[in-house]
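Structure file model-v5.txt with compact mmCIF, C-alpha atoms:
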```txt
# COMPACT_ATOMS: atom_id res chain seq x y z
CA MET A 300 -12.54 -5.05 -10.73
CA PRO A 301 -15.17 -2.77 -12.35
CA LEU A 302 -16.55 0.28 -10.55
CA LYS A 303 -20.23 0.85 -9.95
CA LYS A 304 -21.72 4.20 -10.98
CA HIS A 305 -24.81 5.38 -9.11
CA LYS A 306 -27.81 7.32 -10.32
CA PRO A 307 -27.59 11.02 -9.37
CA VAL A 308 -30.71 10.97 -7.19
CA THR A 309 -28.91 12.83 -4.37
CA PRO A 310 -25.94 15.23 -4.29
CA SER A 311 -23.76 12.56 -2.67
CA SER A 312 -24.51 9.97 -5.36
CA ARG A 313 -23.92 12.28 -8.34
CA TYR A 314 -20.19 11.56 -8.61
CA LYS A 315 -20.10 8.36 -6.61
CA LEU A 316 -17.87 5.60 -8.00
CA LEU A 317 -17.53 2.60 -5.71
CA PRO A 318 -16.23 -0.96 -6.26
CA ASP A 319 -18.84 -3.58 -7.02
CA PHE A 320 -16.97 -6.25 -4.97
CA ALA A 321 -17.69 -8.84 -7.65
CA GLU A 322 -14.43 -10.67 -6.91
CA ILE A 323 -15.24 -11.07 -3.19
CA THR A 324 -16.24 -14.68 -2.44
CA LYS A 325 -16.07 -14.71 1.38
CA SER A 326 -17.76 -12.09 3.55
CA LYS A 327 -16.48 -12.81 7.07
CA PRO A 328 -12.77 -13.08 7.96
CA GLU A 329 -11.12 -16.19 9.41
CA LYS A 330 -11.39 -15.74 13.18
CA ASN A 331 -8.04 -17.37 13.99
CA LEU A 332 -6.23 -15.02 11.60
CA THR A 333 -7.56 -11.73 13.04
CA ARG A 334 -6.25 -9.60 15.89
CA PRO A 335 -7.71 -6.58 17.75
CA LEU A 336 -6.74 -3.24 16.25
CA LYS A 337 -6.41 -0.39 18.72
CA LYS A 338 -6.67 3.16 17.37
CA SER A 339 -4.29 5.89 18.49
CA GLY A 340 -6.14 8.92 17.12
CA GLY A 341 -2.78 10.16 15.87
CA ARG A 342 -1.43 10.48 19.43
CA ASN A 343 1.83 9.15 20.87
CA ASN A 344 2.46 7.59 24.30
CA ARG A 345 2.36 11.05 25.90
CA GLY A 346 -1.09 11.80 24.49
CA ARG A 347 0.13 14.45 22.09
CA ILE A 348 -0.98 14.56 18.46
CA THR A 349 1.97 13.57 16.27
CA CYS A 350 -0.05 12.72 13.15
CA ARG A 351 -2.82 15.14 12.32
CA HIS A 352 -6.25 14.46 10.83
CA ARG A 353 -6.75 11.05 12.42
CA GLY A 354 -9.56 9.92 14.68
CA GLY A 355 -12.90 8.12 14.78
CA GLY A 356 -13.77 5.71 12.02
CA HIS A 357 -15.36 2.30 11.95
CA LYS A 358 -14.10 -0.44 14.23
CA ARG A 359 -11.75 -2.88 12.48
CA LYS A 360 -9.92 -6.12 13.05
CA TYR A 361 -6.41 -6.65 11.73
CA ARG A 362 -5.89 -9.56 9.32
CA MET A 363 -2.58 -11.39 9.81
CA ILE A 364 -1.01 -11.43 6.34
CA ASP A 365 1.78 -13.91 5.56
CA PHE A 366 4.25 -11.54 3.89
CA LYS A 367 7.12 -14.00 4.47
CA ARG A 368 5.43 -17.06 2.86
CA VAL A 369 7.05 -19.19 5.55
CA ARG A 370 5.94 -22.61 4.23
CA ARG A 371 8.20 -23.48 1.34
CA ASP A 372 7.69 -26.11 -1.38
CA ASP A 373 4.22 -26.84 -0.01
CA ALA A 374 1.22 -26.20 -2.28
CA ALA A 375 -1.88 -24.50 -0.91
CA LYS A 376 -5.36 -24.04 -2.34
CA VAL A 377 -7.13 -20.68 -2.58
CA VAL A 378 -10.26 -20.94 -0.44
CA GLY A 379 -11.65 -17.42 -0.83
CA ILE A 380 -11.02 -13.80 -1.83
CA GLU A 381 -11.83 -11.28 0.93
CA TYR A 382 -12.09 -7.56 1.52
CA ASP A 383 -9.54 -6.11 3.93
CA PRO A 384 -10.45 -2.75 5.54
CA ASN A 385 -6.80 -2.13 6.48
CA ARG A 386 -5.38 -2.05 2.93
CA SER A 387 -6.36 -1.15 -0.61
CA ALA A 388 -5.62 -4.63 -2.03
CA ARG A 389 -7.81 -7.70 -1.69
CA ILE A 390 -6.53 -10.67 0.32
CA ALA A 391 -6.75 -14.37 -0.46
CA LEU A 392 -7.35 -17.08 2.12
CA ILE A 393 -5.24 -20.16 1.32
CA GLU A 394 -5.35 -23.61 2.92
CA TYR A 395 -2.52 -26.15 3.02
CA GLY A 396 -2.90 -29.92 2.88
CA ASP A 397 -2.78 -30.30 6.68
CA GLY A 398 -5.60 -27.77 7.17
CA GLN A 399 -3.48 -24.76 8.13
CA LYS A 400 -4.81 -21.48 6.72
CA SER A 401 -3.16 -18.13 6.07
CA TYR A 402 -3.75 -14.86 4.24
CA ILE A 403 -1.75 -13.55 1.28
CA ILE A 404 -2.19 -10.46 -0.90
CA ALA A 405 -4.43 -11.42 -3.82
CA PRO A 406 -2.75 -10.78 -7.19
CA ARG A 407 -4.67 -10.15 -10.37
CA LYS A 408 -6.27 -13.22 -12.02
CA LEU A 409 -6.05 -15.32 -8.84
CA GLU A 410 -9.31 -17.22 -8.34
CA VAL A 411 -10.84 -19.64 -5.86
CA GLY A 412 -9.57 -23.17 -6.45
CA ASP A 413 -6.18 -22.11 -7.78
CA SER A 414 -3.03 -23.60 -6.32
CA VAL A 415 -0.24 -21.37 -4.96
CA MET A 416 3.20 -22.25 -3.67
CA ALA A 417 6.35 -20.63 -2.28
CA GLY A 418 9.85 -21.96 -2.82
CA GLU A 419 12.66 -22.32 -5.32
CA LYS A 420 10.83 -25.13 -7.14
CA ALA A 421 7.54 -23.24 -7.50
CA PRO A 422 6.35 -22.58 -11.08
CA VAL A 423 6.41 -18.98 -12.28
CA LYS A 424 2.74 -18.00 -12.18
CA PRO A 425 0.65 -15.35 -10.34
CA GLY A 426 0.50 -15.95 -6.59
CA ASN A 427 3.66 -18.06 -6.35
CA ALA A 428 6.63 -16.72 -4.36
CA LEU A 429 10.21 -17.40 -5.47
CA PRO A 430 13.66 -15.96 -4.76
CA LEU A 431 14.75 -13.32 -7.26
CA SER A 432 17.46 -15.70 -8.50
CA LYS A 433 14.77 -18.10 -9.81
CA ILE A 434 12.45 -15.57 -11.44
CA PRO A 435 13.05 -14.84 -15.17
CA THR A 436 14.22 -11.32 -15.97
CA GLY A 437 11.49 -9.06 -17.28
CA SER A 438 8.88 -10.64 -15.00
CA VAL A 439 6.31 -8.54 -13.14
CA ILE A 440 6.48 -9.07 -9.36
CA HIS A 441 5.07 -7.69 -6.12
CA ASN A 442 5.47 -8.13 -2.34
CA VAL A 443 9.25 -7.88 -2.72
CA GLU A 444 11.63 -8.35 0.21
CA LEU A 445 14.46 -5.87 0.84
CA VAL A 446 16.26 -8.12 3.34
CA PRO A 447 16.16 -11.94 3.02
CA GLY A 448 13.68 -13.38 5.49
CA ARG A 449 12.21 -10.07 6.61
CA GLY A 450 9.06 -10.39 4.51
CA GLY A 451 7.70 -8.42 1.58
CA GLN A 452 7.88 -4.63 1.91
CA ILE A 453 7.68 -3.29 -1.66
CA ALA A 454 4.64 -3.15 -4.00
CA ARG A 455 1.89 -4.34 -1.67
CA SER A 456 -0.94 -1.87 -2.42
CA ALA A 457 -3.67 -2.19 -5.05
CA GLY A 458 -2.49 -2.28 -8.66
CA GLN A 459 1.22 -2.02 -7.78
CA SER A 460 4.05 -4.08 -9.29
CA CYS A 461 7.81 -4.09 -9.87
CA ILE A 462 9.84 -5.29 -12.83
CA LEU A 463 12.84 -7.58 -12.45
CA SER A 464 15.05 -5.98 -15.07
CA ASN A 465 18.45 -7.67 -14.64
CA ARG A 466 20.82 -9.57 -12.35
CA GLU A 467 24.42 -8.66 -11.52
CA GLY A 468 26.21 -11.18 -9.32
CA GLU A 469 24.48 -11.49 -5.96
CA TYR A 470 22.14 -8.57 -6.65
CA ALA A 471 19.09 -8.17 -8.84
CA LEU A 472 18.09 -4.85 -10.42
CA VAL A 473 14.43 -4.18 -9.70
CA LYS A 474 12.45 -1.23 -11.06
CA LEU A 475 10.09 -0.04 -8.31
CA PRO A 476 6.62 1.48 -8.89
CA SER A 477 8.10 4.97 -8.35
CA GLY A 478 10.52 4.46 -11.25
CA GLU A 479 13.53 3.98 -8.99
CA ILE A 480 15.91 1.17 -9.95
CA ARG A 481 17.33 -0.57 -6.92
CA LYS A 482 19.74 -3.41 -6.13
CA ILE A 483 18.14 -6.21 -4.09
CA ASN A 484 19.80 -9.41 -2.92
CA VAL A 485 18.89 -12.36 -5.16
CA LYS A 486 18.01 -14.42 -2.04
CA CYS A 487 15.07 -12.11 -1.36
CA TYR A 488 11.64 -13.53 -2.16
CA ALA A 489 9.04 -11.90 -4.37
CA THR A 490 5.59 -12.93 -5.56
CA VAL A 491 4.83 -13.20 -9.27
CA GLY A 492 2.10 -11.02 -10.75
CA VAL A 493 0.41 -7.65 -10.20
CA VAL A 494 -1.54 -6.81 -7.06
CA GLY A 495 -5.27 -6.92 -7.79
CA ASN A 496 -7.99 -4.27 -7.32
CA SER A 497 -6.25 -1.92 -9.75
CA ASP A 498 -9.33 0.35 -10.03
CA HIS A 499 -8.94 1.43 -6.41
CA MET A 500 -7.29 4.69 -7.52
CA ASN A 501 -10.46 5.67 -9.43
CA VAL A 502 -12.86 5.30 -6.49
CA GLN A 503 -14.89 8.46 -5.71
CA SER A 504 -16.46 8.46 -2.25
CA ALA A 505 -18.54 11.56 -3.16
CA LYS A 506 -19.28 12.58 0.43
CA ALA A 507 -17.41 13.65 3.53
CA GLY A 508 -19.08 11.03 5.71
CA ARG A 509 -17.38 8.12 3.97
CA THR A 510 -14.01 9.75 4.66
CA ARG A 511 -14.90 9.98 8.35
CA TRP A 512 -15.81 6.28 8.35
CA LYS A 513 -12.21 5.62 7.32
CA GLY A 514 -10.91 7.50 10.35
CA ILE A 515 -9.78 10.63 8.49
CA ARG A 516 -10.65 13.97 10.13
CA PRO A 517 -11.07 17.29 8.30
CA THR A 518 -8.05 19.26 7.05
CA VAL A 519 -7.94 23.05 7.33
CA ARG A 520 -5.69 25.21 5.15
CA GLY A 521 -2.81 26.95 6.89
CA MET A 522 -3.78 30.31 5.31
CA CYS A 523 -7.04 30.21 7.28
CA MET A 524 -5.20 29.95 10.61
CA ASN A 525 -3.61 32.52 12.88
CA PRO A 526 0.16 33.13 12.87
CA VAL A 527 0.50 31.25 16.16
CA ASP A 528 -0.99 28.11 14.59
CA HIS A 529 0.72 27.97 11.19
CA PRO A 530 3.57 29.71 9.30
CA ASN A 531 1.13 30.64 6.52
CA GLY A 532 -1.46 32.12 8.90
CA GLY A 533 -2.40 35.74 9.60
CA GLY A 534 -2.91 38.80 7.47
CA GLU A 535 -5.95 40.93 6.80
CA GLY A 536 -7.98 39.03 4.23
CA LYS A 537 -5.98 37.49 1.41
CA SER A 538 -2.82 39.43 2.14
CA LYS A 539 0.00 39.43 -0.40
CA SER A 540 2.65 40.45 2.11
CA GLY A 541 2.58 38.11 5.08
CA GLY A 542 -0.80 36.48 5.34
CA GLY A 543 0.09 33.09 3.96
CA ARG A 544 1.12 34.34 0.51
CA GLN A 545 4.81 33.72 1.18
CA HIS A 546 6.49 30.42 0.32
CA LEU A 547 4.29 27.54 1.43
CA LYS A 548 5.43 25.78 4.57
CA SER A 549 4.31 22.97 6.81
CA PRO A 550 3.23 23.65 10.43
CA TRP A 551 6.83 22.80 11.47
CA GLY A 552 8.45 25.23 9.03
CA HIS A 553 9.51 22.84 6.26
CA ALA A 554 9.27 24.59 2.89
CA LYS A 555 7.28 22.96 0.13
CA GLY A 556 9.60 20.86 -2.04
CA GLN A 557 12.29 20.59 0.63
CA LYS A 558 14.14 17.27 0.53
CA THR A 559 13.57 15.23 3.68
CA ARG A 560 15.71 12.18 2.87
CA LYS A 561 19.07 12.10 4.65
CA LYS A 562 21.93 13.09 2.37
CA TYR A 563 24.25 10.32 3.55
CA LYS A 564 22.04 7.28 4.05
CA GLY A 565 23.38 3.74 4.15
CA SER A 566 20.94 2.45 1.55
CA ASN A 567 22.09 5.00 -1.06
CA LYS A 568 24.60 2.48 -2.38
CA PHE A 569 21.74 0.18 -3.45
CA ILE A 570 19.98 2.84 -5.54
CA VAL A 571 21.11 2.62 -9.17
CA GLN A 572 18.74 5.29 -10.51
CA ARG A 573 16.60 7.75 -8.57
CA ARG A 574 12.88 8.00 -9.14
CA ASN A 575 13.23 11.66 -10.12
CA ALA A 576 16.16 11.16 -12.50
CA LYS A 577 16.11 13.68 -15.35
CA LYS A 578 14.97 12.22 -18.66
CA ARG A 579 17.36 12.75 -21.53
```
Re-express the file's structure as structure tokens.
Amino acid sequence: MPLKKHKPVTPSSRYKLLPDFAEITKSKPEKNLTRPLKKSGGRNNRGRITCRHRGGGHKRKYRMIDFKRVRRDDAAKVVGIEYDPNRSARIALIEYGDGQKSYIIAPRKLEVGDSVMAGEKAPVKPGNALPLSKIPTGSVIHNVELVPGRGGQIARSAGQSCILSNREGEYALVKLPSGEIRKINVKCYATVGVVGNSDHMNVQSAKAGRTRWKGIRPTVRGMCMNPVDHPNGGGEGKSKSGGGRQHLKSPWGHAKGQKTRKKYKGSNKFIVQRRNAKKR
């Protein structure tokens, strides 16, 4: 997906880099596969803000994505490639022989008219979902399950992929996008290929308004606040003693770089190599 560069006729268009949407073939979503999407504004059930910098934004509808690929050994035809405002990847509308339609994440090189299938007998090609036991080692995969039948949870955003490196008994060794190598049950399903829209990371919105359209509110530095509002606040000017120049902290007192993962977590036994393992 190439990006479109604009002429610098205004300050907002000087650095603007937006997708050209050349791969989009269908403009409106399938009505039966959409649901209302209520916004929380970052507030919990008590009305208190638990996630900052959220609010406003354009109205959206949620697209029901088939992460489980529930219909097995049944070929479907790709009807269209659509834009999804709720995720960075593109989605593909597929239709089965009996007329049933569903959405899947569109991998790279998937086009309208292609045939996709899920099951142990499916051929190994982009868009097809198979259990890890049936995928050749060294293959590039995405939408990987962590628990059989739960649905894909790993590598679902634009340009992401995992590598099936090896198999040991009832577990497969999968290298995640972060670099972590993890054991996953060979009964878990994964989709072959790389998620499309890989240029998403290079998009430059070039103006604050487009960020507000996405529902993201402004962020203020902690050093600009008062001591009552943030651990880094206070001080006369840019103070070197206590006015925010001490070790950086979050509003809740967590120091920058502090580990937040539980030390004794049940899933530790499935991690073969950490993402931040020291290179030798």
- Nearest to Val494 of chain A, chosen from A:Cys523, A:Ile403, A:Cys461, A:Ala388, with only C-alpha atoms counted in the distances: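 Ranking A:Cys523, A:Ile403, A:Cys461, A:Ala388 by distance to Val494 of chain A, first place goes to A:Ala388.
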- Query: Looking at A:Lys330, A:Lys513, A:Lys564, A:Arg455, which one is nearest to Tyr361 of chain A, with distances taken over all atoms listed in the file?
  - Reply: A:Lys330
Write out as CSV the residues of segment 310-366 of chain A that have any atom within 12 Å of an atom of segment 542-561 of chain A, one row each with the nearest atom pair and its distance in Å to one decimal, counting all atoms listed in the file, sorted by chain and then rising number.
```
residue,atom,partner,partner_atom,distance
A:Thr349,CA,A:Trp551,CA,11.5
A:Cys350,CA,A:Pro550,CA,11.7
A:Arg351,CA,A:Pro550,CA,10.6
```
Report as a PDB file with C-alpha atoms, in the coordinates of the input all protein, DNA and RNA residues lying within 10 Å of segment 308-314 of chain A, evaluated on all atoms listed in the file, omitting residues in the same chain fewer than 5 positions from it.
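Output (part18.pdb):
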```pdb
ATOM      1  CA  VAL A 502     -12.860   5.300  -6.490  1.00  0.00           C
ATOM      2  CA  GLN A 503     -14.890   8.460  -5.710  1.00  0.00           C
ATOM      3  CA  SER A 504     -16.460   8.460  -2.250  1.00  0.00           C
ATOM      4  CA  ALA A 505     -18.540  11.560  -3.160  1.00  0.00           C
ATOM      5  CA  LYS A 506     -19.280  12.580   0.430  1.00  0.00           C
ATOM      6  CA  ALA A 507     -17.410  13.650   3.530  1.00  0.00           C
ATOM      7  CA  GLY A 508     -19.080  11.030   5.710  1.00  0.00           C
TER       8      GLY A 508
END
```
- Task: May I have the protein, DNA and RNA residues with any atom at most 12 Å from the point (-7.2, -12.7, -9.7), counting all atoms listed in the file, written as a PyMOL selection string?
- Result: chain A and resi 300+321-324+377+379-381+388-391+404-413+424-426+458+492-497
- Query: Pick from A:Arg481, A:Phe320, A:Thr490, A:Glu467: nearest to Val423 of chain A, with all atoms listed in the file counted?
  - Reply: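 Of all the options, A:Thr490 lies closest to Val423 of chain A.
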- When distances are computed from all atoms listed in the file, which of A:Lys367, A:Lys482, A:Lys433, A:Arg516 shows the smallest separation from Gly450 of chain A?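 Nearest candidate to Gly450 of chain A out of A:Lys367, A:Lys482, A:Lys433, A:Arg516: A:Lys367.
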Because the input lacks atoms here, generate N, CA and C atoms for segment 512-546 of chain A and report them as a compact mmCIF listing (two decimals), in the coordinates of the input.
```txt
# COMPACT_ATOMS: atom_id res chain seq x y z
N TRP A 512 -15.72 7.71 8.02
CA TRP A 512 -15.81 6.28 8.35
C TRP A 512 -14.43 5.63 8.31
N LYS A 513 -13.56 6.18 7.45
CA LYS A 513 -12.21 5.62 7.32
C LYS A 513 -11.27 6.11 8.41
N GLY A 514 -11.75 7.00 9.27
CA GLY A 514 -10.91 7.50 10.35
C GLY A 514 -10.09 8.71 9.99
N ILE A 515 -10.49 9.44 8.92
CA ILE A 515 -9.78 10.63 8.49
C ILE A 515 -10.58 11.86 8.89
N ARG A 516 -9.98 12.76 9.67
CA ARG A 516 -10.65 13.97 10.13
C ARG A 516 -10.40 15.13 9.16
N PRO A 517 -11.18 16.19 9.25
CA PRO A 517 -11.07 17.29 8.30
C PRO A 517 -9.70 17.99 8.34
N THR A 518 -9.30 18.52 7.19
CA THR A 518 -8.05 19.26 7.05
C THR A 518 -8.36 20.73 6.77
N VAL A 519 -7.73 21.60 7.51
CA VAL A 519 -7.94 23.05 7.33
C VAL A 519 -6.67 23.66 6.74
N ARG A 520 -6.82 24.57 5.78
CA ARG A 520 -5.69 25.21 5.15
C ARG A 520 -4.94 26.10 6.15
N GLY A 521 -3.62 26.13 5.99
CA GLY A 521 -2.81 26.95 6.89
C GLY A 521 -3.10 28.43 6.75
N MET A 522 -3.49 28.89 5.54
CA MET A 522 -3.78 30.31 5.31
C MET A 522 -4.98 30.78 6.12
N CYS A 523 -5.85 29.84 6.51
CA CYS A 523 -7.04 30.21 7.28
C CYS A 523 -6.74 30.36 8.77
N MET A 524 -5.54 29.96 9.18
CA MET A 524 -5.20 29.95 10.61
C MET A 524 -4.57 31.27 11.02
N ASN A 525 -4.33 31.38 12.32
CA ASN A 525 -3.61 32.52 12.88
C ASN A 525 -2.11 32.27 12.83
N PRO A 526 -1.29 33.32 12.94
CA PRO A 526 0.16 33.13 12.87
C PRO A 526 0.70 32.18 13.94
N VAL A 527 0.03 32.12 15.08
CA VAL A 527 0.50 31.25 16.16
C VAL A 527 0.29 29.77 15.82
N ASP A 528 -0.63 29.50 14.90
CA ASP A 528 -0.99 28.11 14.59
C ASP A 528 -0.29 27.56 13.35
N HIS A 529 0.15 28.46 12.45
CA HIS A 529 0.72 27.97 11.19
C HIS A 529 1.61 29.06 10.58
N PRO A 530 2.72 28.69 9.95
CA PRO A 530 3.57 29.71 9.30
C PRO A 530 2.88 30.50 8.22
N ASN A 531 1.84 29.95 7.60
CA ASN A 531 1.13 30.64 6.52
C ASN A 531 -0.06 31.44 7.03
N GLY A 532 -0.27 31.46 8.35
CA GLY A 532 -1.46 32.12 8.90
C GLY A 532 -1.28 33.62 9.04
N GLY A 533 -2.41 34.30 9.34
CA GLY A 533 -2.40 35.74 9.60
C GLY A 533 -2.68 36.57 8.38
N GLY A 534 -2.63 37.87 8.56
CA GLY A 534 -2.91 38.80 7.47
C GLY A 534 -4.35 39.25 7.48
N GLU A 535 -4.60 40.42 6.91
CA GLU A 535 -5.95 40.93 6.80
C GLU A 535 -6.53 40.49 5.46
N GLY A 536 -7.43 39.57 5.47
CA GLY A 536 -7.98 39.03 4.23
C GLY A 536 -6.93 38.20 3.52
N LYS A 537 -6.97 38.23 2.19
CA LYS A 537 -5.98 37.49 1.41
C LYS A 537 -4.77 38.40 1.17
N SER A 538 -3.95 38.51 2.19
CA SER A 538 -2.82 39.43 2.14
C SER A 538 -1.72 38.89 1.23
N LYS A 539 -1.10 39.81 0.48
CA LYS A 539 0.00 39.43 -0.40
C LYS A 539 1.36 39.60 0.27
N SER A 540 1.37 40.18 1.46
CA SER A 540 2.65 40.45 2.11
C SER A 540 3.04 39.35 3.08
N GLY A 541 2.20 39.09 4.07
CA GLY A 541 2.58 38.11 5.08
C GLY A 541 1.49 37.15 5.45
N GLY A 542 0.32 37.32 4.92
CA GLY A 542 -0.80 36.48 5.34
C GLY A 542 -0.90 35.18 4.59
N GLY A 543 0.15 34.40 4.59
CA GLY A 543 0.09 33.09 3.96
C GLY A 543 0.48 33.08 2.51
N ARG A 544 0.78 34.29 1.93
CA ARG A 544 1.12 34.34 0.51
C ARG A 544 2.62 34.17 0.27
N GLN A 545 3.39 33.99 1.35
CA GLN A 545 4.81 33.72 1.18
C GLN A 545 5.00 32.26 0.77
N HIS A 546 6.24 31.79 0.72
CA HIS A 546 6.49 30.42 0.32
C HIS A 546 5.76 29.45 1.24
```
